[in-house]
Amino acid sequence: MVNIAVLGYGTVGSGVVELLEKNKETIKKNAGKEINVKYILDIKDFNGDKYQDKIIKDFEKIIRDNEISIVAEVIGGATVAYDYTKRLLLSGISVVTSNKELVATKGAELLKIAKENKVKYLFEASVGGGIPIIHPLLQCLEANNIKEIIGIMNGTTNYILTKMITENISFETALKQAQELGYAESNPDADIKGYDTCRKICILSALAYEEDISPDNIEVKGIENLTLKDVKKAEEKGYVVKLIGYSRKSDSGNIEIMVSPCAIKKDNPLANVNDVYNAILVKGDMVGNVIFYGKGAGKFPTASAVCSDIIECINTSEGREINLREDRIFIAKPEFEILEGTNLPIVGEEND
Ligand code: HSE
C-alpha cells in the first residue's frame with residue numbers, strides 16, 4: 001500500500017480523493033498497489049464530510065510522516081504551495097500538481113530540486129485539465145522539433161464565449177455558471193484577463209523549446225475588452241473568436257509567444273471547440289499538426305490527470321528527464337494579419 005496526502009480540498013482536491021475511491025480497483029491494477037489517502041490538508045473545516053477523519057490543518061504532520069511518499073498539491077497559487085512543494089521535494093517526497101501558476105513561475109527550480117533528491121515533480125494536470133498533453137509532448141513527440149503551439153487552454157473563457165455567442169447569455173451569467181461548475185479560478189480575473197492561458201502556454205513552450213520561459217515577459221490580452229461588435233464582425237467574415245495561447249520557434253531560434261482573443265476560420269478544428277473543452281494544436285517538424293482535445297477544467301477531468309501522475313510516481317518508469325536552460329530568454333510577440341474592422345489577430349491559417 002502507498003500512503004499519500006492531498007494538499008487542498010477544493011474542487012480538484014475533492015475530485016482526487018473521490019476518484020481514488022471510485023476507481024480503486026483499476027488504479028490498484030495499474031499502480032500494482034493500493035493507494036491510501038492518509039491526510040487531506042486544508043485550512044477550512046468540513047464538518048460532516050465523508051473524509052473528515054483525514055482532514056488536518058498542520059502541514060508538519062505530513063512532512064514528518066515517514067509513510068508518506070507522494071503528495072498531490074492542489075492548493076494553487078505560488079506562495080504557500082511553493083514553500084510546501086519545495087520542502088516536500090527536499091525531504092524526498094514526490095509531488096504531483098495541477099498548479100499552473102507554480103509550475104509556470106517556479107517549475108524549472110522545482111524540477112531541479114526533484115532531480116537532485118531523486119523524486120518526481122509531475123504536472124500533467126497543469127495544462128488542459130484532463131487532456132493528456134504534457135506526457136505526449138515530452139514522450140510521443142520527442143523525435144520532432146516543435147515549431148508551433150496553438151491552444152484554447154482556458155475552460156472558463158471558452159465556456160463564457162460559447163454561451164454568450166451561441167445562447168445569447170450575458171457575460172455575468174455565463175461567468176457565474178462557470179464558477180458554479182468549478183471551472184473558474186478563485187479569482188476569475190486570472191481566467192478572464194488571460195493570465196491562466198499565459199501560464200499554460202509558458203509551461204508548454206518551456207517544455208517544447210527547453211527554455212525557462214517566464215509569464216512576466218509575455219504581453220497578455222484577455223476577453224475583458226472584447227466587444228460584441230468584434231465578435232459579430234468576425235462572424236460575418238467567416239471567423240470565430242477564441243482566447244488563444246500561441247507560441248512558435250522561428251528557424252533562427254527566436255521564441256514568440258502571444259495570448260489574445262483571435263479570429264479563427266470557421267473550418268479550422270479549433271473553431272469548433274466549445275464550452276469547457278480545450279484543444280491544443282502542436283506542430284512538429286516531422287509529424288505535422290496534431291490536436292489534443294478534451295475537457296480543460298472541472299473536478300474529475302483535472303483529478304484524472306492528477307491521479308495518473310500519482311500512479312506514475314508509484315510505477316518504476318523513469319520518464320524523460322526535463323532540463324530547462326535556466327537563463328530566462330527574450331520572448332518576442334508574433335506578428336499576424338489583423339481581421340479587418342477588428343483588433344483580432346488571425347491565427348491558424350496554413351501559411352502562418
Ligand atoms: N480556471 C481554469 C480554466 C481551470 O478555466 O481552464 C483549469 O486550469
# chains A, B, ... in the order shown; residues from 1 in each chain; ligands from 1
>>> residues_near_ligand(ligand="ligand 1", cutoff="7 Å", atoms="only C-alpha atoms and all ligand atoms", output="list in words")
Ser126, Val127, Gly128, Gly129, Met153, Asn154, Gly155, Thr156, Thr157, Tyr183, Ala184, Glu185, Asp191, Asp196, Gly296, Ala297 and Gly298 of chain A
>>> closest_atom_pairs(of="region 252-346 of chain A", to="region 1-4 of chain A", cutoff="12 Å", atoms="only C-alpha atoms", output="Markdown table")
| residue | atom | partner | partner_atom | distance |
| --- | --- | --- | --- | --- |
| A:Cys307 | CA | A:Ile4 | CA | 11.1 |
| A:Ile310 | CA | A:Ile4 | CA | 8.8 |
| A:Ile311 | CA | A:Val2 | CA | 10.1 |
| A:Cys313 | CA | A:Val2 | CA | 10.4 |
| A:Ile314 | CA | A:Val2 | CA | 8.0 |
| A:Asn315 | CA | A:Val2 | CA | 11.3 |
>>> write_last_selection(atoms="N, CA, C and O atoms", output="CSV table (one decimal), in the first residue's frame")
chain,number,residue,atom,x,y,z
A,307,CYS,N,-4.3,12.0,-10.8
A,307,CYS,CA,-4.2,10.7,-10.3
A,307,CYS,C,-3.3,9.8,-11.2
A,307,CYS,O,-2.6,8.9,-10.8
A,310,ILE,N,0.0,10.4,-10.0
A,310,ILE,CA,0.3,9.6,-8.8
A,310,ILE,C,0.7,8.2,-9.1
A,310,ILE,O,1.7,7.7,-8.6
A,311,ILE,N,0.0,7.6,-10.1
A,311,ILE,CA,0.3,6.2,-10.5
A,311,ILE,C,1.7,6.2,-11.1
A,311,ILE,O,2.5,5.3,-10.9
A,313,CYS,N,4.2,8.0,-10.3
A,313,CYS,CA,5.2,8.1,-9.2
A,313,CYS,C,5.4,6.7,-8.6
A,313,CYS,O,6.5,6.4,-8.2
A,314,ILE,N,4.3,5.9,-8.6
A,314,ILE,CA,4.4,4.6,-8.0
A,314,ILE,C,5.1,3.6,-8.9
A,314,ILE,O,6.0,2.8,-8.5
A,315,ASN,N,4.8,3.7,-10.2
A,315,ASN,CA,5.4,2.8,-11.2
A,315,ASN,C,6.9,3.2,-11.3
A,315,ASN,O,7.3,4.3,-11.1
>>> select_by_dssp(residues="region 92-326 of chain A", states="strand (DSSP E or B)", output="ChimeraX atom specification")
/A:94-97,121-122,146-152,211,220,239-249,255-265,277-284,288-295,325
>>> write_last_selection(atoms="N, CA and C atoms", output="short mmCIF file (atom, residue, chain, number, x, y, z; two decimals), in the first residue's frame")
data_model
loop_
_atom_site.label_atom_id
_atom_site.label_comp_id
_atom_site.auth_asym_id
_atom_site.auth_seq_id
_atom_site.Cartn_x
_atom_site.Cartn_y
_atom_site.Cartn_z
N SER A 94 7.77 12.75 -3.52
CA SER A 94 7.36 13.18 -4.86
C SER A 94 6.10 14.03 -4.76
N VAL A 95 5.99 15.00 -5.69
CA VAL A 95 4.82 15.89 -5.68
C VAL A 95 4.19 15.88 -7.07
N VAL A 96 2.87 15.75 -7.12
CA VAL A 96 2.14 15.90 -8.38
C VAL A 96 1.20 17.09 -8.20
N THR A 97 0.90 17.78 -9.29
CA THR A 97 0.14 19.03 -9.12
C THR A 97 -0.67 19.42 -10.34
N TYR A 121 8.54 15.44 -9.81
CA TYR A 121 7.62 16.58 -9.76
C TYR A 121 6.85 16.53 -11.08
N LEU A 122 5.60 16.11 -11.00
CA LEU A 122 4.80 15.88 -12.22
C LEU A 122 3.60 16.83 -12.25
N ILE A 146 9.62 20.92 -32.16
CA ILE A 146 8.30 21.55 -32.11
C ILE A 146 8.42 22.96 -32.69
N LYS A 147 7.54 23.25 -33.65
CA LYS A 147 7.61 24.53 -34.35
C LYS A 147 6.56 25.52 -33.85
N GLU A 148 5.42 25.00 -33.45
CA GLU A 148 4.31 25.92 -33.14
C GLU A 148 3.29 25.24 -32.20
N ILE A 149 2.71 26.05 -31.31
CA ILE A 149 1.64 25.54 -30.43
C ILE A 149 0.50 26.56 -30.49
N ILE A 150 -0.70 26.09 -30.78
CA ILE A 150 -1.86 27.00 -30.76
C ILE A 150 -2.91 26.35 -29.88
N GLY A 151 -3.35 27.04 -28.82
CA GLY A 151 -4.27 26.36 -27.93
C GLY A 151 -5.40 27.21 -27.39
N ILE A 152 -6.54 26.57 -27.27
CA ILE A 152 -7.63 27.10 -26.44
C ILE A 152 -7.42 26.40 -25.11
N GLU A 211 13.36 25.84 -22.71
CA GLU A 211 13.82 27.11 -22.14
C GLU A 211 12.94 27.42 -20.94
N VAL A 220 -0.14 40.05 -22.50
CA VAL A 220 -1.36 39.23 -22.37
C VAL A 220 -2.61 40.08 -22.58
N TYR A 239 -15.30 33.90 -39.44
CA TYR A 239 -14.35 33.56 -38.37
C TYR A 239 -15.08 33.41 -37.03
N VAL A 240 -14.43 32.68 -36.12
CA VAL A 240 -14.93 32.53 -34.76
C VAL A 240 -13.87 33.14 -33.84
N VAL A 241 -14.31 33.76 -32.72
CA VAL A 241 -13.34 34.37 -31.79
C VAL A 241 -13.07 33.40 -30.63
N LYS A 242 -11.80 33.15 -30.38
CA LYS A 242 -11.38 32.29 -29.27
C LYS A 242 -10.21 32.93 -28.54
N LEU A 243 -10.13 32.70 -27.23
CA LEU A 243 -8.94 33.16 -26.49
C LEU A 243 -7.83 32.14 -26.73
N ILE A 244 -6.76 32.61 -27.33
CA ILE A 244 -5.70 31.69 -27.80
C ILE A 244 -4.38 31.94 -27.07
N GLY A 245 -3.73 30.85 -26.71
CA GLY A 245 -2.34 30.89 -26.28
C GLY A 245 -1.52 30.39 -27.45
N TYR A 246 -0.57 31.19 -27.89
CA TYR A 246 0.16 30.86 -29.12
C TYR A 246 1.66 30.95 -28.88
N SER A 247 2.40 30.00 -29.42
CA SER A 247 3.86 30.17 -29.44
C SER A 247 4.47 29.51 -30.65
N ARG A 248 5.59 30.03 -31.10
CA ARG A 248 6.33 29.38 -32.19
C ARG A 248 7.82 29.63 -32.03
N LYS A 249 8.57 28.73 -32.63
CA LYS A 249 10.02 28.92 -32.63
C LYS A 249 10.43 29.09 -34.08
N ILE A 255 11.94 32.69 -29.94
CA ILE A 255 10.66 32.19 -29.46
C ILE A 255 9.68 33.35 -29.38
N GLU A 256 8.51 33.16 -29.98
CA GLU A 256 7.48 34.21 -29.97
C GLU A 256 6.25 33.66 -29.28
N ILE A 257 5.69 34.45 -28.38
CA ILE A 257 4.52 33.99 -27.63
C ILE A 257 3.47 35.10 -27.58
N MET A 258 2.21 34.70 -27.64
CA MET A 258 1.13 35.69 -27.57
C MET A 258 -0.07 35.07 -26.85
N VAL A 259 -0.75 35.89 -26.07
CA VAL A 259 -2.06 35.48 -25.51
C VAL A 259 -3.04 36.56 -25.89
N SER A 260 -4.07 36.18 -26.64
CA SER A 260 -5.02 37.20 -27.13
C SER A 260 -6.29 36.54 -27.65
N PRO A 261 -7.41 37.26 -27.62
CA PRO A 261 -8.55 36.75 -28.39
C PRO A 261 -8.17 36.82 -29.86
N CYS A 262 -8.45 35.78 -30.61
CA CYS A 262 -8.03 35.72 -32.01
C CYS A 262 -9.20 35.30 -32.90
N ALA A 263 -9.05 35.61 -34.17
CA ALA A 263 -10.05 35.17 -35.16
C ALA A 263 -9.55 33.88 -35.78
N ILE A 264 -10.42 32.88 -35.81
CA ILE A 264 -10.05 31.58 -36.38
C ILE A 264 -11.09 31.22 -37.42
N LYS A 265 -10.65 30.86 -38.61
CA LYS A 265 -11.58 30.47 -39.69
C LYS A 265 -12.51 29.36 -39.22
N TYR A 277 -14.50 22.74 -23.16
CA TYR A 277 -13.48 21.99 -23.89
C TYR A 277 -12.28 22.86 -24.25
N ASN A 278 -11.13 22.26 -24.22
CA ASN A 278 -9.88 22.89 -24.67
C ASN A 278 -9.36 22.08 -25.85
N ALA A 279 -8.56 22.71 -26.67
CA ALA A 279 -7.86 21.96 -27.71
C ALA A 279 -6.51 22.60 -27.92
N ILE A 280 -5.51 21.76 -28.09
CA ILE A 280 -4.15 22.28 -28.26
C ILE A 280 -3.57 21.65 -29.51
N LEU A 281 -3.23 22.51 -30.46
CA LEU A 281 -2.64 22.03 -31.70
C LEU A 281 -1.12 22.19 -31.59
N VAL A 282 -0.42 21.10 -31.82
CA VAL A 282 1.05 21.13 -31.76
C VAL A 282 1.58 20.78 -33.14
N LYS A 283 2.49 21.62 -33.63
CA LYS A 283 3.08 21.32 -34.93
C LYS A 283 4.52 20.86 -34.74
N GLY A 284 4.77 19.59 -35.12
CA GLY A 284 6.13 19.06 -35.07
C GLY A 284 6.69 19.06 -36.48
N GLY A 288 3.90 16.92 -38.35
CA GLY A 288 2.90 17.89 -38.81
C GLY A 288 2.02 18.32 -37.65
N ASN A 289 0.76 18.59 -37.93
CA ASN A 289 -0.14 19.07 -36.88
C ASN A 289 -0.80 17.91 -36.13
N VAL A 290 -0.78 17.96 -34.81
CA VAL A 290 -1.58 17.02 -34.02
C VAL A 290 -2.42 17.84 -33.04
N ILE A 291 -3.63 17.36 -32.79
CA ILE A 291 -4.53 18.12 -31.90
C ILE A 291 -4.91 17.28 -30.70
N PHE A 292 -4.84 17.89 -29.53
CA PHE A 292 -5.25 17.25 -28.28
C PHE A 292 -6.53 17.95 -27.81
N TYR A 293 -7.56 17.18 -27.54
CA TYR A 293 -8.89 17.77 -27.30
C TYR A 293 -9.55 17.09 -26.09
N GLY A 294 -10.22 17.85 -25.27
CA GLY A 294 -10.96 17.26 -24.15
C GLY A 294 -11.38 18.34 -23.17
N LYS A 295 -11.88 17.88 -22.01
CA LYS A 295 -12.35 18.85 -21.01
C LYS A 295 -11.14 19.51 -20.33
N ARG A 325 16.96 25.19 -19.90
CA ARG A 325 18.06 26.15 -19.77
C ARG A 325 17.60 27.22 -18.79
#
>>> residues_around(residues="Ala305 (chain A)", least_positions_apart="4", cutoff="7 Å", atoms="only C-alpha atoms", output="count of residues only")
6
>>> atom_distance(atom1="CA of Leu207 (chain A)", atom2="CA of Lys266 (chain A)")
29.7 Å
>>> residues_around(residues="Ile43 (chain A)", least_positions_apart="6", cutoff="10 Å", atoms="only C-alpha atoms", output="ChimeraX atom specification")
/A:7-9,55-58
>>> write_last_selection(atoms="N, CA and C atoms", output="short mmCIF file (atom, residue, chain, number, x, y, z; two decimals), in the first residue's frame")
data_model
loop_
_atom_site.label_atom_id
_atom_site.label_comp_id
_atom_site.auth_asym_id
_atom_site.auth_seq_id
_atom_site.Cartn_x
_atom_site.Cartn_y
_atom_site.Cartn_z
N LEU A 7 -3.00 18.04 -0.64
CA LEU A 7 -2.96 19.40 -0.07
C LEU A 7 -4.00 20.24 -0.80
N GLY A 8 -5.05 20.64 -0.11
CA GLY A 8 -6.11 21.45 -0.72
C GLY A 8 -7.32 20.57 -0.97
N TYR A 9 -8.46 20.96 -0.39
CA TYR A 9 -9.67 20.13 -0.51
C TYR A 9 -10.77 20.93 -1.20
N ILE A 55 -8.93 14.90 7.41
CA ILE A 55 -8.64 16.32 7.17
C ILE A 55 -7.86 16.91 8.35
N ILE A 56 -6.71 17.50 8.02
CA ILE A 56 -5.89 18.13 9.06
C ILE A 56 -5.52 19.55 8.62
N LYS A 57 -5.01 20.31 9.59
CA LYS A 57 -4.61 21.69 9.27
C LYS A 57 -3.10 21.88 9.37
N ASP A 58 -2.41 20.86 9.91
CA ASP A 58 -0.99 21.02 10.19
C ASP A 58 -0.13 20.30 9.15
#
>>> select_by_dssp(residues="region 230-317 of chain A", states="alpha helix (DSSP H)", output="list in words")
Asp230, Val231, Lys232, Lys233, Ala234, Glu235, Glu236, Lys299, Phe300, Pro301, Thr302, Ala303, Ser304, Ala305, Val306, Cys307, Ser308, Asp309, Ile310, Ile311, Glu312, Cys313 and Ile314 of chain A
>>> residues_around(residues="region 222-226 of chain A", least_positions_apart="2", cutoff="6 Å", atoms="only C-alpha atoms", output="list in words")
Ile192, Lys193, Gly194 and Ser260 of chain A
>>> residues_around(residues="Pro215 (chain A)", least_positions_apart="4", cutoff="8 Å", atoms="only C-alpha atoms", output="ChimeraX atom specification")
/A:104-105,198-199,202
>>> closest_residue(among="A:Asn274, A:Thr26, A:Thr342, A:Val347", to="Glu167 (chain A)", atoms="only C-alpha atoms")
A:Asn274
>>> closest_residue(among="A:Ala108, A:Ala114, A:Val37, A:Ala174", to="Lys86 (chain A)", atoms="only C-alpha atoms")
A:Ala114
>>> atom_distance(atom1="CA of Lys28 (chain A)", atom2="CA of Gly107 (chain A)")
29.4 Å
>>> closest_residue(among="A:Glu312, A:Leu228, A:Asp275, A:Asn23", to="Ser170 (chain A)", atoms="only C-alpha atoms")
A:Leu228
>>> atom_distance(atom1="CA of Glu236 (chain A)", atom2="CA of Ala178 (chain A)")
27.5 Å
>>> residues_around(residues="Gly341 (chain A)", least_positions_apart="4", cutoff="12 Å", atoms="only C-alpha atoms", output="PDB file with all heavy atoms, in the first residue's frame")
ATOM      1  N   THR A 227     -15.395  43.139 -27.707  1.00  0.00           N
ATOM      2  CA  THR A 227     -16.728  43.720 -27.899  1.00  0.00           C
ATOM      3  C   THR A 227     -17.577  42.792 -28.757  1.00  0.00           C
ATOM      4  O   THR A 227     -17.052  42.003 -29.551  1.00  0.00           O
ATOM      5  CB  THR A 227     -16.630  45.085 -28.622  1.00  0.00           C
ATOM      6  OG1 THR A 227     -16.086  44.850 -29.924  1.00  0.00           O
ATOM      7  CG2 THR A 227     -15.762  46.064 -27.860  1.00  0.00           C
ATOM      8  N   LYS A 229     -19.267  43.762 -31.057  1.00  0.00           N
ATOM      9  CA  LYS A 229     -19.072  44.232 -32.437  1.00  0.00           C
ATOM     10  C   LYS A 229     -17.948  43.421 -33.114  1.00  0.00           C
ATOM     11  O   LYS A 229     -18.087  42.968 -34.250  1.00  0.00           O
ATOM     12  CB  LYS A 229     -18.705  45.729 -32.402  1.00  0.00           C
ATOM     13  CG  LYS A 229     -18.621  46.392 -33.751  1.00  0.00           C
ATOM     14  CD  LYS A 229     -18.276  47.876 -33.609  1.00  0.00           C
ATOM     15  CE  LYS A 229     -17.258  48.265 -34.653  1.00  0.00           C
ATOM     16  NZ  LYS A 229     -15.892  48.332 -34.248  1.00  0.00           N
ATOM     17  N   ASP A 230     -16.851  43.212 -32.370  1.00  0.00           N
ATOM     18  CA  ASP A 230     -15.737  42.415 -32.917  1.00  0.00           C
ATOM     19  C   ASP A 230     -16.190  40.987 -33.229  1.00  0.00           C
ATOM     20  O   ASP A 230     -15.843  40.427 -34.267  1.00  0.00           O
ATOM     21  CB  ASP A 230     -14.579  42.333 -31.898  1.00  0.00           C
ATOM     22  CG  ASP A 230     -13.668  43.541 -31.990  1.00  0.00           C
ATOM     23  OD1 ASP A 230     -13.863  44.362 -32.907  1.00  0.00           O
ATOM     24  OD2 ASP A 230     -12.766  43.657 -31.133  1.00  0.00           O
ATOM     25  N   VAL A 231     -16.937  40.432 -32.302  1.00  0.00           N
ATOM     26  CA  VAL A 231     -17.393  39.048 -32.463  1.00  0.00           C
ATOM     27  C   VAL A 231     -18.300  38.932 -33.691  1.00  0.00           C
ATOM     28  O   VAL A 231     -18.159  38.025 -34.512  1.00  0.00           O
ATOM     29  CB  VAL A 231     -18.131  38.567 -31.189  1.00  0.00           C
ATOM     30  CG1 VAL A 231     -18.754  37.200 -31.389  1.00  0.00           C
ATOM     31  CG2 VAL A 231     -17.180  38.550 -30.002  1.00  0.00           C
ATOM     32  N   LYS A 232     -19.207  39.908 -33.836  1.00  0.00           N
ATOM     33  CA  LYS A 232     -20.153  39.882 -34.966  1.00  0.00           C
ATOM     34  C   LYS A 232     -19.412  40.089 -36.284  1.00  0.00           C
ATOM     35  O   LYS A 232     -19.698  39.428 -37.279  1.00  0.00           O
ATOM     36  CB  LYS A 232     -21.217  40.968 -34.778  1.00  0.00           C
ATOM     37  CG  LYS A 232     -22.157  40.658 -33.620  1.00  0.00           C
ATOM     38  CD  LYS A 232     -23.615  40.989 -33.954  1.00  0.00           C
ATOM     39  CE  LYS A 232     -24.573  40.370 -32.954  1.00  0.00           C
ATOM     40  NZ  LYS A 232     -24.979  41.253 -31.875  1.00  0.00           N
ATOM     41  N   LYS A 233     -18.465  41.020 -36.264  1.00  0.00           N
ATOM     42  CA  LYS A 233     -17.673  41.302 -37.465  1.00  0.00           C
ATOM     43  C   LYS A 233     -16.928  40.029 -37.899  1.00  0.00           C
ATOM     44  O   LYS A 233     -16.905  39.680 -39.075  1.00  0.00           O
ATOM     45  CB  LYS A 233     -16.655  42.405 -37.120  1.00  0.00           C
ATOM     46  CG  LYS A 233     -16.000  43.044 -38.289  1.00  0.00           C
ATOM     47  CD  LYS A 233     -16.815  44.232 -38.720  1.00  0.00           C
ATOM     48  CE  LYS A 233     -16.349  44.800 -40.035  1.00  0.00           C
ATOM     49  NZ  LYS A 233     -17.329  45.698 -40.601  1.00  0.00           N
ATOM     50  N   ALA A 234     -16.339  39.351 -36.924  1.00  0.00           N
ATOM     51  CA  ALA A 234     -15.605  38.121 -37.226  1.00  0.00           C
ATOM     52  C   ALA A 234     -16.557  37.092 -37.840  1.00  0.00           C
ATOM     53  O   ALA A 234     -16.251  36.459 -38.853  1.00  0.00           O
ATOM     54  CB  ALA A 234     -14.974  37.575 -35.943  1.00  0.00           C
ATOM     55  N   GLU A 235     -17.704  36.981 -37.231  1.00  0.00           N
ATOM     56  CA  GLU A 235     -18.743  36.028 -37.693  1.00  0.00           C
ATOM     57  C   GLU A 235     -19.111  36.292 -39.154  1.00  0.00           C
ATOM     58  O   GLU A 235     -19.114  35.374 -39.985  1.00  0.00           O
ATOM     59  CB  GLU A 235     -19.961  36.215 -36.773  1.00  0.00           C
ATOM     60  CG  GLU A 235     -21.183  35.483 -37.181  1.00  0.00           C
ATOM     61  CD  GLU A 235     -21.333  34.166 -36.394  1.00  0.00           C
ATOM     62  OE1 GLU A 235     -20.328  33.563 -35.987  1.00  0.00           O
ATOM     63  OE2 GLU A 235     -22.467  33.776 -36.220  1.00  0.00           O
ATOM     64  N   GLU A 236     -19.363  37.580 -39.471  1.00  0.00           N
ATOM     65  CA  GLU A 236     -19.743  37.950 -40.859  1.00  0.00           C
ATOM     66  C   GLU A 236     -18.672  37.532 -41.864  1.00  0.00           C
ATOM     67  O   GLU A 236     -18.956  37.188 -42.985  1.00  0.00           O
ATOM     68  CB  GLU A 236     -19.832  39.482 -40.973  1.00  0.00           C
ATOM     69  CG  GLU A 236     -21.130  40.094 -40.506  1.00  0.00           C
ATOM     70  CD  GLU A 236     -20.942  41.610 -40.286  1.00  0.00           C
ATOM     71  OE1 GLU A 236     -20.115  42.260 -40.979  1.00  0.00           O
ATOM     72  OE2 GLU A 236     -21.616  42.097 -39.375  1.00  0.00           O
ATOM     73  N   LYS A 237     -17.419  37.569 -41.403  1.00  0.00           N
ATOM     74  CA  LYS A 237     -16.320  37.274 -42.322  1.00  0.00           C
ATOM     75  C   LYS A 237     -15.929  35.792 -42.297  1.00  0.00           C
ATOM     76  O   LYS A 237     -14.901  35.407 -42.855  1.00  0.00           O
ATOM     77  CB  LYS A 237     -15.107  38.147 -41.965  1.00  0.00           C
ATOM     78  CG  LYS A 237     -15.359  39.615 -42.261  1.00  0.00           C
ATOM     79  CD  LYS A 237     -14.134  40.455 -41.942  1.00  0.00           C
ATOM     80  CE  LYS A 237     -14.355  41.913 -42.269  1.00  0.00           C
ATOM     81  NZ  LYS A 237     -14.317  42.209 -43.679  1.00  0.00           N
ATOM     82  N   ALA A 263      -9.051  35.613 -34.172  1.00  0.00           N
ATOM     83  CA  ALA A 263     -10.048  35.175 -35.156  1.00  0.00           C
ATOM     84  C   ALA A 263      -9.552  33.875 -35.783  1.00  0.00           C
ATOM     85  O   ALA A 263      -8.401  33.789 -36.208  1.00  0.00           O
ATOM     86  CB  ALA A 263     -10.209  36.256 -36.218  1.00  0.00           C
ATOM     87  N   GLU A 337      -1.668  38.992 -39.320  1.00  0.00           N
ATOM     88  CA  GLU A 337      -2.605  39.870 -40.011  1.00  0.00           C
ATOM     89  C   GLU A 337      -3.793  40.118 -39.066  1.00  0.00           C
ATOM     90  O   GLU A 337      -4.197  39.213 -38.333  1.00  0.00           O
ATOM     91  CB  GLU A 337      -3.091  39.143 -41.278  1.00  0.00           C
ATOM     92  CG  GLU A 337      -3.909  39.993 -42.206  1.00  0.00           C
ATOM     93  CD  GLU A 337      -4.546  39.145 -43.304  1.00  0.00           C
ATOM     94  OE1 GLU A 337      -3.976  38.102 -43.670  1.00  0.00           O
ATOM     95  OE2 GLU A 337      -5.621  39.537 -43.756  1.00  0.00           O
ATOM     96  N   PRO A 345      -6.092  39.344 -34.103  1.00  0.00           N
ATOM     97  CA  PRO A 345      -5.128  38.665 -34.976  1.00  0.00           C
ATOM     98  C   PRO A 345      -5.781  37.402 -35.559  1.00  0.00           C
ATOM     99  O   PRO A 345      -6.559  36.735 -34.874  1.00  0.00           O
ATOM    100  CB  PRO A 345      -3.993  38.263 -34.027  1.00  0.00           C
ATOM    101  CG  PRO A 345      -4.280  38.903 -32.724  1.00  0.00           C
ATOM    102  CD  PRO A 345      -5.709  39.295 -32.685  1.00  0.00           C
TER     103      PRO A 345
END
